[in-house]
Every structure is written in C-alpha cells, then in structure tokens.
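Structure, as structure tokens:
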Amino acid sequence: MVGNAEDRLTRRTIAAIATPPGRGGVGVVRISGPNALAVAIALSGRDRLTPRHCHLVTFRDSEGQALDQGLVIYFPAPGSFTGEDVVELQGHGGRAVMRGLLDAAQSAGAVSAEPGEFTRRAFLNNRMDLSQAEAVAGLIEAETLTAARASLRSLEGELGREVEGLAEELTRVRVFLEGALDFPDEDMDLLEEQRISTQVVGLLERVQSVRERAASGVRLSEGFLVVIAGRPNAGKSSLLNRLAGRDSAIVTERAGTTRDILRETIALGGFPVELADTAGLRETEDPVEREGVRRAREELNRADLALFLVDSVVGWTDEDAGEWDRLPPERREVVWAKGDVGTPPSGATAISTVAPPGLGQLEKLLEERLQMESTGDALGARQRHVEILDRVGADLDNARNTLEAYGSGDLAAQDLRRAHEALGEITGRIHSDDLLGRIFATFCIGK
C-alpha cells in the first residue's frame, strides 16, 4: 500500500528513452502509467493494441507528421514490469528519432520519468522487493559475468528470501522471549533463558553467513582494491603499466617519482580489479613526497590485498621489514620484482616486467586470492545491505551478551526489535521516501 506522496507519483504517466544515448540499430521509448495505452494509440494511429503483440506501425507526432516506422508493444497491468499499463515504442536508434518519439509521447500526455522511476514503481506495486529492485541496477552496472550472475541471484529473489528467512526466525525468537516477559512477577526460567540465548547464537551465525555472501557481491560489483606498495624504485609503476596494458605511470631510474595514487581498472579471472600504484614507502623530509607516503599508507588500510614489492637486486632490507610489519597479515603478499636480473628466494613469487619470469606467477596468485575472497554463491548486494547486516549482527550480539551476563529479557527484547526493524530496510518492508529517493536516484533514466 503506497502513501499519499507515492500515490501521486504513480498517477502520472511517465516516458523515457530506455536505450543508451547515441546511434544504434534499435532504440526504445518506454511509457508507464494509467494513460500509457492512450499515448501509444495516439502515436501509432491504431484503434486498439493487442496485449503482448508486436504491431508494425508508422509513428506520428501531434501534427500527424511521420517520425519513424517501428514496433509498438502493449503490456497491460498488472502483468508488466512496473505493475501498470506499459508500452514500448521500438524504433530506429538515432538520436533525432528517439527524441522525436519522446517529445510526441509527452505531447500526448506523458511526462519525463525520473531516474529509476520505472523500477521504483515496480517496487511500489509489489512486483519486486527492494533488494530485487537494486539488483536491476547491479545487472546493468556489472562489468564481468561473475558480477552479473551475483546480481541475477538477487533479482531472482535469493537475497530477499535469505533476509525473510532471517526475519521469520527472529520473529519466533521474539515471540518466545516476549511471551516469557508477559509474566513480570516471575523470574525468567534458566532453561528458557539458555534456550533463547542458543537461538540467538544460531541466528547470529546465519546473519554472518548472509553478510559474507553480500559483502562478496559488493566486491564483485565495485571491484577488488589491489594496492601496489613497497620501497622507492622497487618496480611498482612498471608493474601497474604491465597489468593495465598501457603506460599509465611514469617510469624512471629516479626514486620517488610517484607522489599521488594512480589507478587502473582491469578484469582478472572474471573479477573486476582496481589497481592502485602508490608512492614509495620511506621516511622523507620532502613535504610533497611525505604527503604521498601518507596517502599510500591510507590506501593500504583500505586495500583488499596489498602487493608488497621487493627489489630482487637490492634484497630484503630492514626498511622492507618495517613496512611489511605495518600491513595486515591476512591482506598482504610479497612479490619479488626485477626477477630477471636479481636473485629472489627459492619458491618466492618472482616477476619481471621486461623478460622471463614475466607476470605468470603473480597473475595466478591474484586469481587464487580473488577466488578466496569471493564465494561462489555471492549475492548481488549494495554496501548499504552489508552495513545493515552489520547492525543486525551487533544487535543480536548485544542481546546474547545481555542474556548471558544479566538474564535481562527486557533489554534483550529491545535489541531483537532493533535487529528485526533493520532487516526490513533491506527488502523495503520498512522504508522512508528519503531512502527510496536516494536508492533510485542512482538508476539510469529509462529504468
């Protein structure tokens, strides 16, 4: 059931170009709303349109001038993408033609759609939950098949089903706990307290599992951040250039030429990877280089993986050891650069950007690490989903600690209620107009 603001929104008939801007063999103008059929009849000149049937027509503007020849398809409510009457005008994909069809639709009574308004209406008309609506954007934005498959799982409802399952289990726990609280003159039975605590622990484990699948989906859509770090002149910029396939960074014999962070995006093993080349790590009096080192260390704190380059000619130094110890052990890998002229340790990951051993070992290492970071059943998700699941986990953990430490059912019940409400924000069972506005504003106009 939509509120007054959303009700006013859905009374409008909206239109937008649904295909990317530019030239193409086919372009689509999409129309949705109560007057969509009337607009389509006005443009096509037909007396009626058979639902889900392709009609070959000549599109005309409000003055009867021919615009294009193409197809018109009518999808009646409620069995359409938005749950409303929807019409698609398929013409030739030139800019002038598409603009002419859109202007004609607006002259016939439609108004311009806002970003994401078609998908927003699908959500408001219960054609999909909020996680599915966001998965639509994920599919459009996906740069690899792995990311697209993760978004498809959520579009098919898997993330929503996982969250609804968590909500259902949480409901059972809350019913049990709050039922016990209906007798305020009686202390909470120890066995009941232990049973509730056990249920909360099991629920927390499920939340953490879903959270990891969602976080994996975020990494697939936004990309893994791999930071190339090391002492000055270790070969970081040369490695960035080789992995990116172009001369992105300046490479010279002079140490410390990289001051700011250089970024390149590549696909590796089906995963999107953002590479960051950073300033050489060392203590310096140069204020510009010192700022570069500060930024490098800040980037390393954000990295999904740090590639720490060591110059095989110079060998491992005390300075290398100091910088290596700064890095989180679970997110670092040492790489021996200049392996064609130096003497890297036996069994180490050695590379050369100009001769054998090349980058084969490193690329294999990266693909293995990315596979480890990304579960095969990743769910297409947004960062907001991960943050909500973190909140849910924190509330459940607080409830468990409260029960085990104090046996306080009242306080635990408040934590469980907050966790329950937070889960509703993922599927849209609990939402605000402001939340929906921010989510759908990230969509393209015709979706």
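By order in the structure tokens, chains are A, B, ...; within a chain, residues start at 1; ligands start at 1, following the order shown.
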**Report entry** Residue contacts of Gln208 of chain A (9 Å, only C-alpha atoms) excluding same-chain residues fewer than 5 positions away, as a PyMOL selection string
**Finding:** chain A and resi 203+213+389-390+393
Limited to C-alpha atoms, could you put the picked residues into a file as a tab-separated table (two decimals), in the first residue's frame?
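To be explicit, this is the file written out as part_8.tsv:
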chain	number	residue	atom	x	y	z
A	203	LEU	CA	20.60	-16.66	14.26
A	213	ARG	CA	27.75	-13.52	0.70
A	389	LEU	CA	23.58	-6.73	8.30
A	390	ASP	CA	26.46	-5.43	10.43
A	393	GLY	CA	24.72	-8.70	13.91
Query - Residues of segment 259-357 of chain A in strand (DSSP E), written as a VMD selection string - result: chain A and resid 262 to 268 271 to 277 305 to 311 332 to 337
**Report entry** Residues flagged helix (DSSP H, G or I) by DSSP in segment 65-244 of chain A, as a ChimeraX atom specification
**Finding:** /A:95-107,117-124,130-141,145-155,158-180,190-222,236-244
Query raised in the report: Which is closer to Lys364 of chain A than all the others in A:Gln90, A:Thr119, A:Gly269, A:Ala306, using only C-alpha atoms?
Result: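 Checking each of A:Gln90, A:Thr119, A:Gly269, A:Ala306 against Lys364 of chain A, counting only C-alpha atoms, the winner is A:Gly269.
Residues with any atom within 6 Å of segment 394-406 of chain A, counting only C-alpha atoms and excluding same-chain neighbours fewer than 6 positions away, are Ser197, Ala412, Asp415 and Ala419 of chain A.
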Let me see the file: selected residues, N, CA and C atoms, as an mmCIF file, in the first residue's frame.
data_model
loop_
_atom_site.group_PDB
_atom_site.id
_atom_site.type_symbol
_atom_site.label_atom_id
_atom_site.label_comp_id
_atom_site.auth_asym_id
_atom_site.auth_seq_id
_atom_site.Cartn_x
_atom_site.Cartn_y
_atom_site.Cartn_z
ATOM 1 N N SER A 197 19.055 -17.842 24.358
ATOM 2 C CA SER A 197 20.433 -17.485 24.043
ATOM 3 C C SER A 197 20.993 -18.361 22.938
ATOM 4 N N ALA A 412 17.225 -7.429 26.224
ATOM 5 C CA ALA A 412 17.456 -8.276 25.049
ATOM 6 C C ALA A 412 16.333 -8.111 24.037
ATOM 7 N N ASP A 415 16.963 -5.098 21.848
ATOM 8 C CA ASP A 415 17.985 -5.367 20.825
ATOM 9 C C ASP A 415 17.408 -6.182 19.676
ATOM 10 N N ALA A 419 17.026 -5.219 15.643
ATOM 11 C CA ALA A 419 17.541 -6.097 14.585
ATOM 12 C C ALA A 419 16.452 -6.431 13.585
#
Report summary line: Here atom CA of Leu43 of chain A and atom CA of Arg127 of chain A stand apart by 27.8 Å
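Distance check against Gly160 of chain A using only C-alpha atoms: of A:Thr427, A:Gln106, A:Thr19, A:Asn126, the minimum falls on A:Thr427.
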**Report entry** Counting only C-alpha atoms, the option among A:Leu307, A:Ile31, A:Ala133, A:Ala267 closest to Leu436 of chain A
**Finding:** A:Ala133
Query raised in the report: Hey, can you check how far atom CA of Leu56 of chain A sits from atom CA of Leu37 of chain A?
Result: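 Separation between atom CA of Leu56 of chain A and atom CA of Leu37 of chain A: 15.8 Å.
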Query - Selection: 7 Å around Phe59 of chain A, only C-alpha atoms, excl. self and same-chain fewer than 5 positions, as a list of chain:residue names - result: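 Surrounding residues, per the criterion: A:Leu43, A:Ser44, A:Ala66, A:Leu67, A:Asp68, A:Gln69.
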**Report entry** Nearest to Trp324 of chain A by atom-to-atom distance, counting only C-alpha atoms, from A:Gly446, A:Gly347, A:Gly70, A:Gly230
**Finding:**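 Residue with the minimum atom-to-atom distance to Trp324 of chain A: A:Gly230.
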Query - Top pick for closest residue to Ser238 of chain A, considering A:Ala18, A:Ala441, A:Ile351, A:Ile426 and counting only C-alpha atoms - result: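 Looking at the shortest contact to Ser238 of chain A, the residue is A:Ile351.
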Query raised in the report: Could you pull the residues within 6 Å of Arg259 of chain A, counting only C-alpha atoms, minus those fewer than 5 positions along the same chain, as a PyMOL selection string?
Result: chain A and resi 279+289+292
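Residues within 12 Å of Ile261 of chain A, counting only C-alpha atoms and excluding same-chain residues fewer than 6 positions away, are A:Val227, A:Ile228, A:Ala229, A:Lys236, A:Ser237, A:Leu240, A:Ser248, A:Ala249, A:Glu274, A:Leu275, A:Ala276, A:Asp277, A:Thr278, A:Ala279, A:Gly280, A:Glu289, A:Glu291, A:Gly292, A:Val293, A:Arg294, A:Arg295, A:Ala296, A:Arg297, A:Glu298, A:Glu299, A:Leu300.
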